[in-house]
>>> print(open('data-v3.cif').read())   # mmCIF, C-alpha atoms and all ligand atoms
data_data
#
loop_
_atom_site.group_PDB
_atom_site.id
_atom_site.type_symbol
_atom_site.label_atom_id
_atom_site.label_comp_id
_atom_site.auth_asym_id
_atom_site.auth_seq_id
_atom_site.Cartn_x
_atom_site.Cartn_y
_atom_site.Cartn_z
ATOM 1 C CA MET A 1 -74.132 147.468 79.447
ATOM 2 C CA SER A 2 -75.305 150.905 80.591
ATOM 3 C CA LEU A 3 -72.896 153.833 80.387
ATOM 4 C CA ILE A 4 -74.522 155.331 83.472
ATOM 5 C CA ASN A 5 -72.939 153.880 86.600
ATOM 6 C CA LEU A 6 -74.256 155.623 89.676
ATOM 7 C CA ILE A 7 -72.735 155.102 93.102
ATOM 8 C CA GLU A 8 -75.047 155.758 96.030
ATOM 9 C CA PHE A 9 -73.061 156.848 99.075
ATOM 10 C CA LYS A 10 -74.140 155.967 102.573
ATOM 11 C CA SER A 11 -75.811 158.914 104.218
ATOM 12 C CA LEU A 12 -74.233 159.706 107.580
ATOM 13 C CA GLY A 13 -76.609 162.579 108.179
ATOM 14 C CA ASP A 14 -78.773 162.934 111.226
ATOM 15 C CA ASP A 15 -81.256 165.424 112.569
ATOM 16 C CA ARG A 16 -78.544 168.120 112.327
ATOM 17 C CA GLY A 17 -78.277 167.708 108.526
ATOM 18 C CA GLY A 18 -76.456 165.736 105.855
ATOM 19 C CA LEU A 19 -72.990 164.176 105.808
ATOM 20 C CA VAL A 20 -71.361 161.961 103.187
ATOM 21 C CA SER A 21 -67.833 160.525 103.423
ATOM 22 C CA LEU A 22 -65.766 159.697 100.323
ATOM 23 C CA GLU A 23 -62.747 157.390 100.590
ATOM 24 C CA GLY A 24 -60.380 156.342 97.815
ATOM 25 C CA ASN A 25 -60.366 152.609 97.083
ATOM 26 C CA ASN A 26 -63.390 152.260 99.327
ATOM 27 C CA ASN A 27 -66.624 153.889 98.163
ATOM 28 C CA ILE A 28 -64.638 155.630 95.377
ATOM 29 C CA PRO A 29 -63.239 152.891 93.099
ATOM 30 C CA PHE A 30 -59.734 154.383 92.712
ATOM 31 C CA ASP A 31 -57.059 156.228 94.622
ATOM 32 C CA ILE A 32 -58.150 159.912 94.644
ATOM 33 C CA LYS A 33 -55.303 162.083 93.280
ATOM 34 C CA ARG A 34 -57.233 165.275 92.536
ATOM 35 C CA VAL A 35 -60.458 167.054 93.417
ATOM 36 C CA TYR A 36 -61.937 169.969 91.491
ATOM 37 C CA TYR A 37 -65.298 171.656 91.467
ATOM 38 C CA ILE A 38 -67.311 173.645 88.958
ATOM 39 C CA PHE A 39 -69.630 176.380 90.214
ATOM 40 C CA ASN A 40 -71.187 179.729 89.218
ATOM 41 C CA THR A 41 -71.772 178.268 85.747
ATOM 42 C CA LYS A 42 -73.365 180.917 83.567
ATOM 43 C CA ASP A 43 -76.893 180.434 82.249
ATOM 44 C CA GLY A 44 -77.064 178.261 79.118
ATOM 45 C CA VAL A 45 -73.410 177.191 79.312
ATOM 46 C CA SER A 46 -72.464 173.569 78.553
ATOM 47 C CA ARG A 47 -69.041 172.105 79.427
ATOM 48 C CA GLY A 48 -66.959 169.016 78.816
ATOM 49 C CA PHE A 49 -66.940 167.922 75.157
ATOM 50 C CA HIS A 50 -63.945 165.647 75.542
ATOM 51 C CA ALA A 51 -62.868 162.169 76.622
ATOM 52 C CA HIS A 52 -59.897 160.995 78.671
ATOM 53 C CA LYS A 53 -57.468 158.310 77.594
ATOM 54 C CA ASP A 54 -56.770 156.946 81.090
ATOM 55 C CA LEU A 55 -58.483 159.104 83.703
ATOM 56 C CA GLN A 56 -61.302 157.731 85.845
ATOM 57 C CA GLN A 57 -63.550 160.144 87.694
ATOM 58 C CA VAL A 58 -66.567 160.317 89.964
ATOM 59 C CA ALA A 59 -68.778 163.406 89.565
ATOM 60 C CA ILE A 60 -71.128 164.475 92.356
ATOM 61 C CA CYS A 61 -73.546 167.387 92.245
ATOM 62 C CA ILE A 62 -73.169 168.453 95.847
ATOM 63 C CA LYS A 63 -75.607 171.328 95.278
ATOM 64 C CA GLY A 64 -78.178 171.925 92.571
ATOM 65 C CA SER A 65 -78.253 169.841 89.415
ATOM 66 C CA CYS A 66 -76.762 169.284 85.991
ATOM 67 C CA ARG A 67 -77.206 166.756 83.217
ATOM 68 C CA PHE A 68 -74.375 164.520 81.998
ATOM 69 C CA LEU A 69 -74.193 162.956 78.570
ATOM 70 C CA LEU A 70 -71.838 159.992 78.223
ATOM 71 C CA ASP A 71 -70.891 158.500 74.862
ATOM 72 C CA ASP A 72 -68.727 155.435 74.221
ATOM 73 C CA GLY A 73 -68.566 156.000 70.461
ATOM 74 C CA GLN A 74 -71.496 153.662 69.843
ATOM 75 C CA LYS A 75 -74.235 154.889 72.119
ATOM 76 C CA LYS A 76 -75.063 157.963 74.160
ATOM 77 C CA GLU A 77 -76.872 158.091 77.509
ATOM 78 C CA THR A 78 -77.820 160.984 79.765
ATOM 79 C CA VAL A 79 -78.437 161.297 83.475
ATOM 80 C CA LEU A 80 -79.543 164.133 85.732
ATOM 81 C CA LEU A 81 -77.299 164.506 88.781
ATOM 82 C CA ASP A 82 -79.248 166.206 91.534
ATOM 83 C CA ARG A 83 -78.377 164.422 94.775
ATOM 84 C CA ALA A 84 -75.368 165.071 97.020
ATOM 85 C CA ASN A 85 -75.207 161.386 97.993
ATOM 86 C CA VAL A 86 -74.974 160.010 94.436
ATOM 87 C CA GLY A 87 -71.874 159.982 92.231
ATOM 88 C CA LEU A 88 -71.537 159.252 88.526
ATOM 89 C CA TYR A 89 -68.577 156.997 87.754
ATOM 90 C CA ILE A 90 -66.945 158.074 84.481
ATOM 91 C CA ASP A 91 -64.499 155.582 83.043
ATOM 92 C CA SER A 92 -61.711 156.413 80.593
ATOM 93 C CA MET A 93 -62.574 156.663 76.878
ATOM 94 C CA LYS A 94 -66.050 158.058 77.475
ATOM 95 C CA TRP A 95 -66.965 161.305 75.753
ATOM 96 C CA ARG A 96 -68.701 163.557 78.293
ATOM 97 C CA GLU A 97 -70.770 166.697 78.085
ATOM 98 C CA MET A 98 -72.387 168.594 80.949
ATOM 99 C CA HIS A 99 -75.560 170.549 80.268
ATOM 100 C CA ASP A 100 -78.452 172.257 82.076
ATOM 101 C CA PHE A 101 -76.508 173.517 85.109
ATOM 102 C CA SER A 102 -78.905 174.921 87.680
ATOM 103 C CA GLU A 103 -78.030 178.383 88.979
ATOM 104 C CA GLU A 104 -76.747 177.120 92.331
ATOM 105 C CA CYS A 105 -75.014 174.002 90.955
ATOM 106 C CA VAL A 106 -71.736 172.921 92.561
ATOM 107 C CA LEU A 107 -70.333 169.934 90.667
ATOM 108 C CA MET A 108 -67.481 168.232 92.516
ATOM 109 C CA VAL A 109 -65.266 165.775 90.639
ATOM 110 C CA LEU A 110 -62.834 163.247 92.126
ATOM 111 C CA ALA A 111 -60.105 162.132 89.734
ATOM 112 C CA SER A 112 -57.696 159.200 89.621
ATOM 113 C CA HIS A 113 -54.765 161.285 88.316
ATOM 114 C CA HIS A 114 -53.294 164.749 88.490
ATOM 115 C CA TYR A 115 -54.247 167.168 85.717
ATOM 116 C CA ASP A 116 -52.625 166.258 82.390
ATOM 117 C CA GLU A 117 -53.777 167.962 79.194
ATOM 118 C CA ALA A 118 -52.118 165.146 77.177
ATOM 119 C CA ASP A 119 -54.747 162.740 78.575
ATOM 120 C CA TYR A 120 -57.604 164.717 76.954
ATOM 121 C CA ILE A 121 -59.157 163.920 73.571
ATOM 122 C CA ARG A 122 -60.960 167.140 72.692
ATOM 123 C CA ASP A 123 -61.766 166.345 69.063
ATOM 124 C CA TYR A 124 -64.898 164.207 68.613
ATOM 125 C CA ASN A 125 -63.720 162.553 65.375
ATOM 126 C CA GLU A 126 -60.412 161.662 67.013
ATOM 127 C CA PHE A 127 -62.397 160.138 69.905
ATOM 128 C CA LEU A 128 -64.542 158.076 67.516
ATOM 129 C CA MET A 129 -61.418 156.744 65.777
ATOM 130 C CA ALA A 130 -59.715 155.942 69.111
ATOM 131 C CA SER A 131 -62.847 154.283 70.551
ATOM 132 C CA LYS A 132 -62.959 151.836 67.609
ATOM 133 C CA LYS A 133 -59.475 150.498 68.422
HETATM 134 C C1 LIG B 1 -63.926 166.477 82.946
HETATM 135 C C2 LIG B 1 -65.129 167.302 83.202
HETATM 136 C C3 LIG B 1 -66.182 166.547 83.977
HETATM 137 C C4 LIG B 1 -56.660 172.545 85.178
HETATM 138 O O1 LIG B 1 -55.663 173.255 85.018
HETATM 139 N N1 LIG B 1 -56.698 171.609 86.169
HETATM 140 C C5 LIG B 1 -57.774 170.788 86.360
HETATM 141 O O2 LIG B 1 -57.755 169.953 87.270
HETATM 142 C C6 LIG B 1 -58.912 170.938 85.502
HETATM 143 C C7 LIG B 1 -60.135 170.046 85.673
HETATM 144 C C8 LIG B 1 -58.871 171.891 84.528
HETATM 145 N N2 LIG B 1 -57.765 172.674 84.362
HETATM 146 C C9 LIG B 1 -57.767 173.706 83.333
HETATM 147 C C10 LIG B 1 -57.836 173.197 81.900
HETATM 148 C C11 LIG B 1 -58.564 174.296 81.173
HETATM 149 O O3 LIG B 1 -57.643 175.294 80.763
HETATM 150 O O4 LIG B 1 -58.933 174.512 83.512
HETATM 151 C C12 LIG B 1 -59.468 174.909 82.244
HETATM 152 C C13 LIG B 1 -60.927 174.467 82.127
HETATM 153 O O5 LIG B 1 -60.981 173.026 81.987
HETATM 154 P P1 LIG B 1 -61.962 172.298 80.975
HETATM 155 O O6 LIG B 1 -62.312 173.213 79.861
HETATM 156 O O7 LIG B 1 -61.362 170.972 80.617
HETATM 157 O O8 LIG B 1 -63.250 172.078 81.913
HETATM 158 P P2 LIG B 1 -64.552 171.216 81.607
HETATM 159 O O9 LIG B 1 -65.561 171.652 82.587
HETATM 160 O O10 LIG B 1 -64.909 171.241 80.182
HETATM 161 O O11 LIG B 1 -64.109 169.694 81.958
HETATM 162 C C14 LIG B 1 -63.804 169.335 83.289
HETATM 163 C C15 LIG B 1 -62.509 168.513 83.344
HETATM 164 O O12 LIG B 1 -61.452 169.242 82.672
HETATM 165 C C16 LIG B 1 -62.634 167.176 82.687
HETATM 166 O O13 LIG B 1 -61.538 166.353 83.039
HETATM 167 O O14 LIG B 1 -64.016 165.271 82.791
HETATM 168 O O15 LIG B 1 -64.861 168.553 83.845
#
>>> encode(input="data-v3.cif", output="structure tokens")
Amino acid sequence: MSLINLIEFKSLGDDRGGLVSLEGNNNIPFDIKRVYYIFNTKDGVSRGFHAHKDLQQVAICIKGSCRFLLDDGQKKETVLLDRANVGLYIDSMKWREMHDFSEECVLMVLASHHYDEADYIRDYNEFLMASKK
């Protein structure tokens, strides 16, 4: 099964421009508890390098582009996010890295839980051990 699960959102745009609506437990497959966004990423910077024990997320590049790498401990897959109407569903226990941020990139992330540092696995070997269980 592919690690890359893309959700294409219905475009509600018209001749005035684009519009996308995101609703928890509707076109987002969980109750949205938190939204954050990453922007003004410096040239050559990569982010992520962790997994979450329980958190589910949907990441949408609402402007510009960036490349996600997802890793389940057995295989790695990458995807370029470059459309404001497409979200990447990121399940728990997936190592993620974000690379190749374009200068104007705004990456918005919808999360199933409030921020909790205890939910992060930031050590890759610890992730590999946990993913085998
Ligand atoms: C993820 C990827 C896609 C908070 O205090 N609240 C928050 O909601 C978030 C997301 C972060 N923080 C703090 C934690 C760190 O001290 O902000 C600092 C930077 O976070 P971090 O280094 O984890 O950022 P990224 O870009 O590496 O990862 C983020 C999310 O943390 C993570 O859940 O899946 O984006």
>>> residues_around(input="data-v3.cif", residues="stretch 14-23 of chain A", least_positions_apart="2", cutoff="10 Å", atoms="all atoms listed in the file", output="VMD selection string")
chain A and resid 9 to 12 25 to 32 62 84 to 86 110
>>> write_last_selection(input="data-v3.cif", atoms="C-alpha atoms", output="compact mmCIF listing (two decimals), keeping the file's coordinate frame")
# COMPACT_ATOMS: atom_id res chain seq x y z
CA PHE A 9 -73.06 156.85 99.08
CA LYS A 10 -74.14 155.97 102.57
CA SER A 11 -75.81 158.91 104.22
CA LEU A 12 -74.23 159.71 107.58
CA ASN A 25 -60.37 152.61 97.08
CA ASN A 26 -63.39 152.26 99.33
CA ASN A 27 -66.62 153.89 98.16
CA ILE A 28 -64.64 155.63 95.38
CA PRO A 29 -63.24 152.89 93.10
CA PHE A 30 -59.73 154.38 92.71
CA ASP A 31 -57.06 156.23 94.62
CA ILE A 32 -58.15 159.91 94.64
CA ILE A 62 -73.17 168.45 95.85
CA ALA A 84 -75.37 165.07 97.02
CA ASN A 85 -75.21 161.39 97.99
CA VAL A 86 -74.97 160.01 94.44
CA LEU A 110 -62.83 163.25 92.13
>>> closest_residue(input="data-v3.cif", among="A:Tyr36, A:Phe127, A:Phe101, A:Tyr89", to="ligand LIG 1 (chain B)", atoms="only C-alpha atoms and all ligand atoms")
A:Tyr36
>>> axis_aligned_box(input="data-v3.cif", around="ligand LIG 1 (chain B)", padding_each_side="4 Å", output="AutoDock Vina command-line options")
--center_x -60.9 --center_y 170.3 --center_z 83.6 --size_x 18.5 --size_y 18.0 --size_z 15.4
>>> atom_distance(input="data-v3.cif", atom1="atom CA of A:Glu104", atom2="atom CA of A:Tyr120")
27.5 Å
>>> residues_near_ligand(input="data-v3.cif", ligand="ligand LIG 1 (chain B)", cutoff="10 Å", atoms="all atoms listed in the file", output="PDB file with C-alpha atoms, in the coordinates of the input")
ATOM      1  CA  ARG A  34     -57.233 165.275  92.536  1.00  0.00           C
ATOM      2  CA  VAL A  35     -60.458 167.054  93.417  1.00  0.00           C
ATOM      3  CA  TYR A  36     -61.937 169.969  91.491  1.00  0.00           C
ATOM      4  CA  TYR A  37     -65.298 171.656  91.467  1.00  0.00           C
ATOM      5  CA  ILE A  38     -67.311 173.645  88.958  1.00  0.00           C
ATOM      6  CA  PHE A  39     -69.630 176.380  90.214  1.00  0.00           C
ATOM      7  CA  THR A  41     -71.772 178.268  85.747  1.00  0.00           C
ATOM      8  CA  SER A  46     -72.464 173.569  78.553  1.00  0.00           C
ATOM      9  CA  ARG A  47     -69.041 172.105  79.427  1.00  0.00           C
ATOM     10  CA  GLY A  48     -66.959 169.016  78.816  1.00  0.00           C
ATOM     11  CA  PHE A  49     -66.940 167.922  75.157  1.00  0.00           C
ATOM     12  CA  HIS A  50     -63.945 165.647  75.542  1.00  0.00           C
ATOM     13  CA  ALA A  51     -62.868 162.169  76.622  1.00  0.00           C
ATOM     14  CA  HIS A  52     -59.897 160.995  78.671  1.00  0.00           C
ATOM     15  CA  LEU A  55     -58.483 159.104  83.703  1.00  0.00           C
ATOM     16  CA  GLN A  56     -61.302 157.731  85.845  1.00  0.00           C
ATOM     17  CA  GLN A  57     -63.550 160.144  87.694  1.00  0.00           C
ATOM     18  CA  VAL A  58     -66.567 160.317  89.964  1.00  0.00           C
ATOM     19  CA  ALA A  59     -68.778 163.406  89.565  1.00  0.00           C
ATOM     20  CA  ILE A  60     -71.128 164.475  92.356  1.00  0.00           C
ATOM     21  CA  PHE A  68     -74.375 164.520  81.998  1.00  0.00           C
ATOM     22  CA  ILE A  90     -66.945 158.074  84.481  1.00  0.00           C
ATOM     23  CA  ASP A  91     -64.499 155.582  83.043  1.00  0.00           C
ATOM     24  CA  SER A  92     -61.711 156.413  80.593  1.00  0.00           C
ATOM     25  CA  LYS A  94     -66.050 158.058  77.475  1.00  0.00           C
ATOM     26  CA  TRP A  95     -66.965 161.305  75.753  1.00  0.00           C
ATOM     27  CA  ARG A  96     -68.701 163.557  78.293  1.00  0.00           C
ATOM     28  CA  GLU A  97     -70.770 166.697  78.085  1.00  0.00           C
ATOM     29  CA  MET A  98     -72.387 168.594  80.949  1.00  0.00           C
ATOM     30  CA  LEU A 107     -70.333 169.934  90.667  1.00  0.00           C
ATOM     31  CA  MET A 108     -67.481 168.232  92.516  1.00  0.00           C
ATOM     32  CA  VAL A 109     -65.266 165.775  90.639  1.00  0.00           C
ATOM     33  CA  LEU A 110     -62.834 163.247  92.126  1.00  0.00           C
ATOM     34  CA  ALA A 111     -60.105 162.132  89.734  1.00  0.00           C
ATOM     35  CA  HIS A 113     -54.765 161.285  88.316  1.00  0.00           C
ATOM     36  CA  HIS A 114     -53.294 164.749  88.490  1.00  0.00           C
ATOM     37  CA  TYR A 115     -54.247 167.168  85.717  1.00  0.00           C
ATOM     38  CA  ASP A 116     -52.625 166.258  82.390  1.00  0.00           C
ATOM     39  CA  GLU A 117     -53.777 167.962  79.194  1.00  0.00           C
ATOM     40  CA  ASP A 119     -54.747 162.740  78.575  1.00  0.00           C
ATOM     41  CA  TYR A 120     -57.604 164.717  76.954  1.00  0.00           C
ATOM     42  CA  ARG A 122     -60.960 167.140  72.692  1.00  0.00           C
TER      43      ARG A 122
END
>>> closest_residue(input="data-v3.cif", among="A:Ile121, A:Ser112, A:Gly64, A:Leu80", to="A:Lys33", atoms="only C-alpha atoms")
A:Ser112
>>> closest_residue(input="data-v3.cif", among="A:Val45, A:Leu6, A:Asp71, A:Asn40", to="A:His99", atoms="all atoms listed in the file")
A:Val45
>>> closest_residue(input="data-v3.cif", among="A:Met129, A:Ile7, A:Leu70, A:Cys61", to="A:Asp82", atoms="all atoms listed in the file")
A:Cys61
>>> residues_around(input="data-v3.cif", residues="A:Lys132", least_positions_apart="4", cutoff="12 Å", atoms="all atoms listed in the file", output="short mmCIF file (atom, residue, chain, number, x, y, z; two decimals) with C-alpha atoms, in the coordinates of the input")
data_model
loop_
_atom_site.label_atom_id
_atom_site.label_comp_id
_atom_site.auth_asym_id
_atom_site.auth_seq_id
_atom_site.Cartn_x
_atom_site.Cartn_y
_atom_site.Cartn_z
CA ASP A 72 -68.73 155.44 74.22
CA GLY A 73 -68.57 156.00 70.46
CA GLN A 74 -71.50 153.66 69.84
CA MET A 93 -62.57 156.66 76.88
CA ASN A 125 -63.72 162.55 65.38
CA GLU A 126 -60.41 161.66 67.01
CA PHE A 127 -62.40 160.14 69.90
CA LEU A 128 -64.54 158.08 67.52
#
>>> atom_distance(input="data-v3.cif", atom1="atom CA of A:Ala118", atom2="atom CA of A:Asp54")
10.2 Å
>>> closest_residue(input="data-v3.cif", among="A:Leu88, A:Leu3, A:Val79, A:Cys66", to="A:Ser102", atoms="only C-alpha atoms")
A:Cys66
>>> atom_distance(input="data-v3.cif", atom1="atom CA of A:Leu69", atom2="atom CA of A:Lys133")
21.8 Å
>>> closest_residue(input="data-v3.cif", among="A:Gly24, A:Lys53, A:Cys105, A:Glu77", to="A:Ser131", atoms="all atoms listed in the file")
A:Lys53
